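Participant: My structure is in model-v8.cif, and what it holds is mmCIF, C-alpha atoms:
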data_target
loop_
_atom_site.group_PDB
_atom_site.id
_atom_site.type_symbol
_atom_site.label_atom_id
_atom_site.label_comp_id
_atom_site.auth_asym_id
_atom_site.auth_seq_id
_atom_site.Cartn_x
_atom_site.Cartn_y
_atom_site.Cartn_z
ATOM 1 C CA ALA A 1 5.736 -9.570 7.872
ATOM 2 C CA SER A 2 7.298 -12.945 8.566
ATOM 3 C CA GLY A 3 10.883 -12.537 9.706
ATOM 4 C CA ALA A 4 10.505 -8.805 10.364
ATOM 5 C CA SER A 5 11.650 -7.251 13.611
ATOM 6 C CA SER A 6 9.940 -3.912 13.002
ATOM 7 C CA ILE A 7 6.905 -2.675 11.092
ATOM 8 C CA SER A 8 6.042 0.980 10.526
ATOM 9 C CA ILE A 9 2.994 2.747 9.152
ATOM 10 C CA ARG A 10 2.997 6.441 8.309
ATOM 11 C CA ALA A 11 1.028 8.931 6.254
ATOM 12 C CA GLU A 12 2.423 11.496 3.832
ATOM 13 C CA GLU A 13 0.288 14.268 2.419
ATOM 14 C CA SER A 14 0.927 15.519 -1.116
ATOM 15 C CA ASP A 15 -1.537 15.774 -4.008
ATOM 16 C CA ASP A 16 -2.795 12.457 -2.667
ATOM 17 C CA LEU A 17 -2.748 10.990 0.797
ATOM 18 C CA ASN A 18 -0.145 8.236 0.861
ATOM 19 C CA ILE A 19 -0.127 5.586 3.559
ATOM 20 C CA ILE A 20 3.199 3.741 3.690
ATOM 21 C CA PHE A 21 3.548 0.325 5.293
ATOM 22 C CA GLU A 22 7.086 -1.035 5.624
ATOM 23 C CA ASP A 23 9.047 -3.685 7.462
ATOM 24 C CA ASP A 24 12.622 -4.928 7.707
ATOM 25 C CA GLY A 25 11.839 -8.530 6.776
ATOM 26 C CA PRO A 26 12.983 -10.501 3.731
ATOM 27 C CA GLY A 27 10.871 -8.485 1.290
ATOM 28 C CA LEU A 28 8.301 -9.479 -1.291
ATOM 29 C CA PRO A 29 9.112 -12.496 -3.502
ATOM 30 C CA GLU A 30 9.636 -11.645 -7.184
ATOM 31 C CA ASP A 31 6.550 -13.589 -8.328
ATOM 32 C CA ALA A 32 4.369 -11.687 -5.858
ATOM 33 C CA ARG A 33 5.886 -8.343 -6.903
ATOM 34 C CA GLY A 34 5.207 -9.131 -10.546
ATOM 35 C CA ALA A 35 1.630 -10.160 -9.816
ATOM 36 C CA LEU A 36 1.006 -6.894 -7.958
ATOM 37 C CA GLU A 37 2.511 -4.803 -10.773
ATOM 38 C CA ARG A 38 0.542 -6.627 -13.476
ATOM 39 C CA GLY A 39 -2.645 -6.796 -11.421
ATOM 40 C CA THR A 40 -3.006 -10.488 -12.171
ATOM 41 C CA PRO A 41 -3.823 -13.154 -9.608
ATOM 42 C CA CYS A 42 -1.370 -15.872 -8.628
ATOM 43 C CA ARG A 43 -1.045 -18.390 -5.814
ATOM 44 C CA GLY A 44 -0.072 -17.902 -2.174
ATOM 45 C CA SER A 45 0.272 -14.549 -0.447
ATOM 46 C CA ALA A 46 0.394 -12.761 -3.797
ATOM 47 C CA TYR A 47 -3.280 -13.646 -4.276
ATOM 48 C CA GLY A 48 -4.084 -11.556 -1.200
ATOM 49 C CA LEU A 49 -2.156 -8.630 -2.707
ATOM 50 C CA TYR A 50 -4.130 -9.049 -5.922
ATOM 51 C CA LEU A 51 -7.391 -8.818 -3.949
ATOM 52 C CA VAL A 52 -6.164 -5.747 -2.060
ATOM 53 C CA LYS A 53 -5.251 -4.045 -5.348
ATOM 54 C CA GLN A 54 -8.676 -4.822 -6.837
ATOM 55 C CA ILE A 55 -10.580 -3.584 -3.766
ATOM 56 C CA LEU A 56 -8.538 -0.373 -3.664
ATOM 57 C CA ALA A 57 -9.077 0.189 -7.409
ATOM 58 C CA ILE A 58 -12.847 -0.112 -6.991
ATOM 59 C CA ASN A 59 -12.555 2.743 -4.482
ATOM 60 C CA LYS A 60 -10.302 4.830 -6.768
ATOM 61 C CA MET A 61 -7.178 4.095 -4.721
ATOM 62 C CA GLY A 62 -3.944 2.417 -5.690
ATOM 63 C CA ILE A 63 -1.152 0.346 -4.195
ATOM 64 C CA VAL A 64 2.453 -0.095 -5.314
ATOM 65 C CA GLU A 65 5.324 -2.052 -3.841
ATOM 66 C CA GLU A 66 8.433 0.095 -3.551
ATOM 67 C CA GLY A 67 11.286 -2.390 -3.338
ATOM 68 C CA HIS A 68 13.879 -1.814 -0.657
ATOM 69 C CA THR A 69 15.274 -3.807 2.232
ATOM 70 C CA GLY A 70 12.148 -5.533 3.499
ATOM 71 C CA ALA A 71 8.742 -4.776 2.037
ATOM 72 C CA ARG A 72 7.259 -1.339 1.468
ATOM 73 C CA PHE A 73 3.763 -0.676 0.157
ATOM 74 C CA ARG A 74 2.317 2.731 -0.690
ATOM 75 C CA ILE A 75 -1.460 3.130 -0.787
ATOM 76 C CA SER A 76 -2.507 6.318 -2.582
ATOM 77 C CA ILE A 77 -5.845 7.935 -1.840
ATOM 78 C CA PRO A 78 -6.873 10.787 -4.177
ATOM 79 C CA ARG A 79 -7.458 14.191 -2.575
ATOM 80 C CA GLU A 80 -11.216 13.956 -3.153
ATOM 81 C CA GLY A 81 -11.284 10.636 -1.307
ATOM 82 C CA TRP A 82 -10.208 11.887 2.131
ATOM 83 C CA SER A 83 -10.478 14.850 4.438
ATOM 84 C CA LYS A 84 -8.843 16.003 7.635
ATOM 85 C CA LEU A 85 -10.788 15.760 10.850
ATOM 86 C CA ARG A 86 -9.963 18.132 13.630
ATOM 87 C CA VAL A 87 -10.614 16.802 17.096
ATOM 88 C CA ASP A 88 -10.423 19.185 20.043
ATOM 89 C CA MET A 89 -9.783 17.542 23.363
#
Show how you would write the structure in this file as structure tokens.

Facilitator:
Amino acid sequence: ASGASSISIRAEESDDLNIIFEDDGPGLPEDARGALERGTPCRGSAYGLYLVKQILAINKMGIVEEGHTGARFRISIPREGWSKLRVDM
């Protein structure tokens, strides 16, 4: 998140569990966005995104970049891949 002044992480529950990572930095370069969408490797930081996408896919999860001001990534975990844990304190 180079150039970002804030980073947020939140979870949204729907059919899947979605974990959203976003910042207010300069956003994802077009070549990196294209590599993530195509699922093909390329050089630089986009190669890391390619690896993340492949690792998530092996575990039946997905990642998309949702363009806006800054960068926003949504990781989707299928319902059967997570459960709620209740902790009483």

Participant: Counting all atoms listed in the file, select every polymer residue within 12 Å of (6.2, -10.1, -5.6) as defined in the file's coordinates, and provide the selection as a PyMOL selection string.

Facilitator: chain A and resi 26-50+64-67+70-73

Participant: Quick one: pull the distance between atom CA of Gly62 of chain A and atom CA of Ile77 of chain A, Å, one decimal.

Facilitator: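 Separation between atom CA of Gly62 of chain A and atom CA of Ile77 of chain A: 7.0 Å.
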
Participant: What does the structure give for the distance between atom CA of Lys60 of chain A and atom CA of Ser83 of chain A, in Å to one decimal?

Facilitator: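 Separation of atom CA of Lys60 of chain A and atom CA of Ser83 of chain A: 15.0 Å.
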
Participant: Measure the distance from atom CA of Ile7 of chain A to atom CA of Ile58 of chain A in Å and round it to one decimal.

Facilitator: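 So the answer is 26.9 Å.
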
Participant: For this structure, which residues satisfy the selection - the PyMOL selection byres ((chain A and resi 81) around 9) - when it is evaluated on the file as given? I want them as a compact mmCIF listing (two decimals) with C-alpha atoms, in the coordinates of the input.

Facilitator:
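That gives us selection.txt:
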# COMPACT_ATOMS: atom_id res chain seq x y z
CA ASP A 16 -2.80 12.46 -2.67
CA LEU A 17 -2.75 10.99 0.80
CA ASN A 59 -12.56 2.74 -4.48
CA LYS A 60 -10.30 4.83 -6.77
CA MET A 61 -7.18 4.10 -4.72
CA ILE A 77 -5.84 7.94 -1.84
CA PRO A 78 -6.87 10.79 -4.18
CA ARG A 79 -7.46 14.19 -2.58
CA GLU A 80 -11.22 13.96 -3.15
CA TRP A 82 -10.21 11.89 2.13
CA SER A 83 -10.48 14.85 4.44

Participant: Hey, which of A:Asp23, A:Ile75, A:Leu56, A:Lys84 ends up closest to Ser6 of chain A? Count all atoms listed in the file.

Facilitator: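 Among A:Asp23, A:Ile75, A:Leu56, A:Lys84, it is A:Asp23 that comes nearest to Ser6 of chain A.
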
Participant: Given the point (13.7, -10.2, 11.2) in the coordinates of this file, which residues lie within 7 Å, counting all atoms listed in the file, and how would they look as a VMD selection string?

Facilitator: chain A and resid 3 to 5 24 to 25
